[in-house]
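Input: a single structure, listed below in structure tokens.
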Amino acid sequence: MLRRLRKDTRGVAFIEFALSLPLLMILMTGGIEMGNLVLIKIRTERLARTLSDMVARESGTLDGMSERELNDVLFAAVRNNPGLSLDKDGRIVVTAVLGVDANNDGVPERNAIQWQRFVGKYTAAPVAVGCWKTTTAATLPRARQLVSNEPIYHVQVTQKYQPLLVVLFDAMKVPTEVTDSAMFRGRGSNFRPLMTSLNEPVHDKCDTPDGI
């Protein structure tokens, strides 16, 4: 009886499959999670470039850009980007920067933040160029120094990813915060400030969850 039982291999494949199933599920789910992160990276990068280019173009027109027009642009960015939950788990930061030559010696001393606007409730995202409520000097990528009166419009987009396998992400130390930024030089030769709009909310607080 025992000898016949030892030679009976029926059910071995099922037991092996049952033992390996958790590992297969983790690998499959992990692959899906990584794919989602890559897609978010592509979307945030594309959105940052699109918004920066749009703000630079609109701000360079003869009329400049108004608070209402900027809010409309940010509203569209938040609502029309499937795959990103920017209002709840993200943050968009738009910063206007100008090269300043304070002593008129022909050499600009700093990059001055002219205005900054925020949207999204993920306030844990650090502001790459600096918060204009605590500093007037912007830190641009690659330590770029603008020439005198040169306007740059910097856009930062951050998305906090909510993984299904939190334990796996923690164990592998995979960052769940995706941040991309882009900047475009303002069109036209002169800097034009953001124009106020009647009864239009101003989203200018660095540390305030601000939805649109």
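Chain labels follow the order of the structure tokens: the first chain is A, the next B, and so on; residue numbering restarts at 1 in every chain, and ligands are counted from 1 in their shown order.
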Distance query segment 66-78 of chain A at most 7 Å, only C-alpha atoms, self and fewer than 3 positions along chain excluded, as an NGL selection string:
:A and (81 or 86-87 or 194-197 or 200 or 212)
Atoms kept (C-alpha atoms) for selection, written as an mmCIF file, in the first residue's frame:
```cif
data_model
loop_
_atom_site.group_PDB
_atom_site.id
_atom_site.type_symbol
_atom_site.label_atom_id
_atom_site.label_comp_id
_atom_site.auth_asym_id
_atom_site.auth_seq_id
_atom_site.Cartn_x
_atom_site.Cartn_y
_atom_site.Cartn_z
ATOM 1 C CA ASN A 81 -5.784 63.564 -18.781
ATOM 2 C CA LEU A 86 -3.865 65.267 -10.728
ATOM 3 C CA ASP A 87 -6.622 66.894 -8.686
ATOM 4 C CA LEU A 194 -0.311 87.738 -15.200
ATOM 5 C CA MET A 195 -3.390 89.943 -15.426
ATOM 6 C CA THR A 196 -6.017 89.833 -12.687
ATOM 7 C CA SER A 197 -9.550 88.700 -13.486
ATOM 8 C CA GLU A 200 -11.408 84.676 -10.338
ATOM 9 C CA ILE A 212 -10.075 73.365 -9.606
#
```
What's the 6 Å shell around Ser52 of chain A, counting only C-alpha atoms, without same-chain residues fewer than 3 positions away, as a list in words?
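Once the adjacent positions are removed, what remains is Arg49, Val55, Tyr153, Val155, Met183 and Phe184 of chain A.
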Go ahead and dump the residues you just picked, N, CA and C atoms, as a PDB file, in the first residue's frame.
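That gives us out.pdb:
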```
ATOM      1  N   ARG A  49       5.474  69.618 -20.834  1.00  0.00           N
ATOM      2  CA  ARG A  49       5.928  70.317 -22.036  1.00  0.00           C
ATOM      3  C   ARG A  49       4.784  71.087 -22.697  1.00  0.00           C
ATOM      4  N   VAL A  55       1.622  78.233 -21.989  1.00  0.00           N
ATOM      5  CA  VAL A  55       1.708  79.433 -21.149  1.00  0.00           C
ATOM      6  C   VAL A  55       2.707  80.426 -21.743  1.00  0.00           C
ATOM      7  N   TYR A 153       9.016  80.280 -18.608  1.00  0.00           N
ATOM      8  CA  TYR A 153       7.832  79.730 -17.947  1.00  0.00           C
ATOM      9  C   TYR A 153       8.087  78.252 -17.665  1.00  0.00           C
ATOM     10  N   VAL A 155       7.077  74.689 -15.860  1.00  0.00           N
ATOM     11  CA  VAL A 155       5.926  73.899 -15.397  1.00  0.00           C
ATOM     12  C   VAL A 155       6.423  72.583 -14.815  1.00  0.00           C
ATOM     13  N   MET A 183      10.391  73.820 -19.461  1.00  0.00           N
ATOM     14  CA  MET A 183      10.347  75.281 -19.466  1.00  0.00           C
ATOM     15  C   MET A 183      10.566  75.794 -20.879  1.00  0.00           C
ATOM     16  N   PHE A 184       9.836  76.855 -21.196  1.00  0.00           N
ATOM     17  CA  PHE A 184       9.936  77.495 -22.497  1.00  0.00           C
ATOM     18  C   PHE A 184      10.156  78.990 -22.304  1.00  0.00           C
TER      19      PHE A 184
END
```
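The closest residue to Gly130 of chain A, picked from A:Cys206, A:Leu98, A:Leu146, A:Val166 and counting only C-alpha atoms, is A:Cys206.
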DSSP on the backbone, then: every residue of chain A marked strand (DSSP E), written as a PyMOL selection string.
chain A and resi 90-100+110-119+151-160+177-185
Distance table requested - segment 124-162 of chain A against segment 99-115 of chain A, cut-off 6 Å, only C-alpha atoms: one row per qualifying residue with the closest atom pair and its distance in Å to one decimal, ordered by chain and rising residue number, as CSV.
```
residue,atom,partner,partner_atom,distance
A:Thr136,CA,A:Ile113,CA,5.3
A:Ala137,CA,A:Ala112,CA,4.6
A:Ala138,CA,A:Asn111,CA,5.4
A:Leu146,CA,A:Gly99,CA,4.7
A:Val147,CA,A:Gly99,CA,5.3
A:Ser148,CA,A:Gly99,CA,4.6
A:Asn149,CA,A:Gly99,CA,4.9
A:Glu150,CA,A:Gly99,CA,5.2
```
Put those residues in a file: N, CA and C atoms, as a CSV table (one decimal), in the first residue's frame.
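out_26.csv was written with the following content:
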```
chain,number,residue,atom,x,y,z
A,136,THR,N,12.6,84.6,-3.5
A,136,THR,CA,12.3,85.3,-4.8
A,136,THR,C,13.2,84.8,-5.9
A,137,ALA,N,14.2,84.0,-5.6
A,137,ALA,CA,15.1,83.5,-6.6
A,137,ALA,C,14.8,82.1,-7.0
A,138,ALA,N,14.7,81.9,-8.3
A,138,ALA,CA,14.3,80.6,-8.8
A,138,ALA,C,15.6,79.7,-9.1
A,146,LEU,N,19.3,83.2,-16.6
A,146,LEU,CA,18.7,83.9,-17.7
A,146,LEU,C,19.4,85.3,-17.9
A,147,VAL,N,19.4,85.7,-19.1
A,147,VAL,CA,19.9,87.1,-19.4
A,147,VAL,C,18.9,88.1,-18.9
A,148,SER,N,19.3,89.3,-18.8
A,148,SER,CA,18.5,90.4,-18.3
A,148,SER,C,17.2,90.5,-19.0
A,149,ASN,N,16.0,90.5,-18.2
A,149,ASN,CA,14.7,90.6,-18.8
A,149,ASN,C,14.3,89.4,-19.7
A,150,GLU,N,14.9,88.3,-19.6
A,150,GLU,CA,14.5,87.1,-20.3
A,150,GLU,C,13.5,86.4,-19.5
```
What's the 8 Å shell around Arg187 of chain A, counting only C-alpha atoms, without same-chain residues fewer than 3 positions away, as number ranges by chain?
A: 56-57, 59-61
Write a file of the selected residues as an mmCIF file, in the first residue's frame, keeping C-alpha atoms.
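Below is the file that was written, result.cif:
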```cif
data_model
loop_
_atom_site.group_PDB
_atom_site.id
_atom_site.type_symbol
_atom_site.label_atom_id
_atom_site.label_comp_id
_atom_site.auth_asym_id
_atom_site.auth_seq_id
_atom_site.Cartn_x
_atom_site.Cartn_y
_atom_site.Cartn_z
ATOM 1 C CA ALA A 56 4.823 80.805 -22.869
ATOM 2 C CA ARG A 57 2.876 81.447 -26.069
ATOM 3 C CA SER A 59 1.904 85.200 -22.094
ATOM 4 C CA GLY A 60 3.834 86.572 -25.045
ATOM 5 C CA THR A 61 0.789 87.984 -26.835
#
```
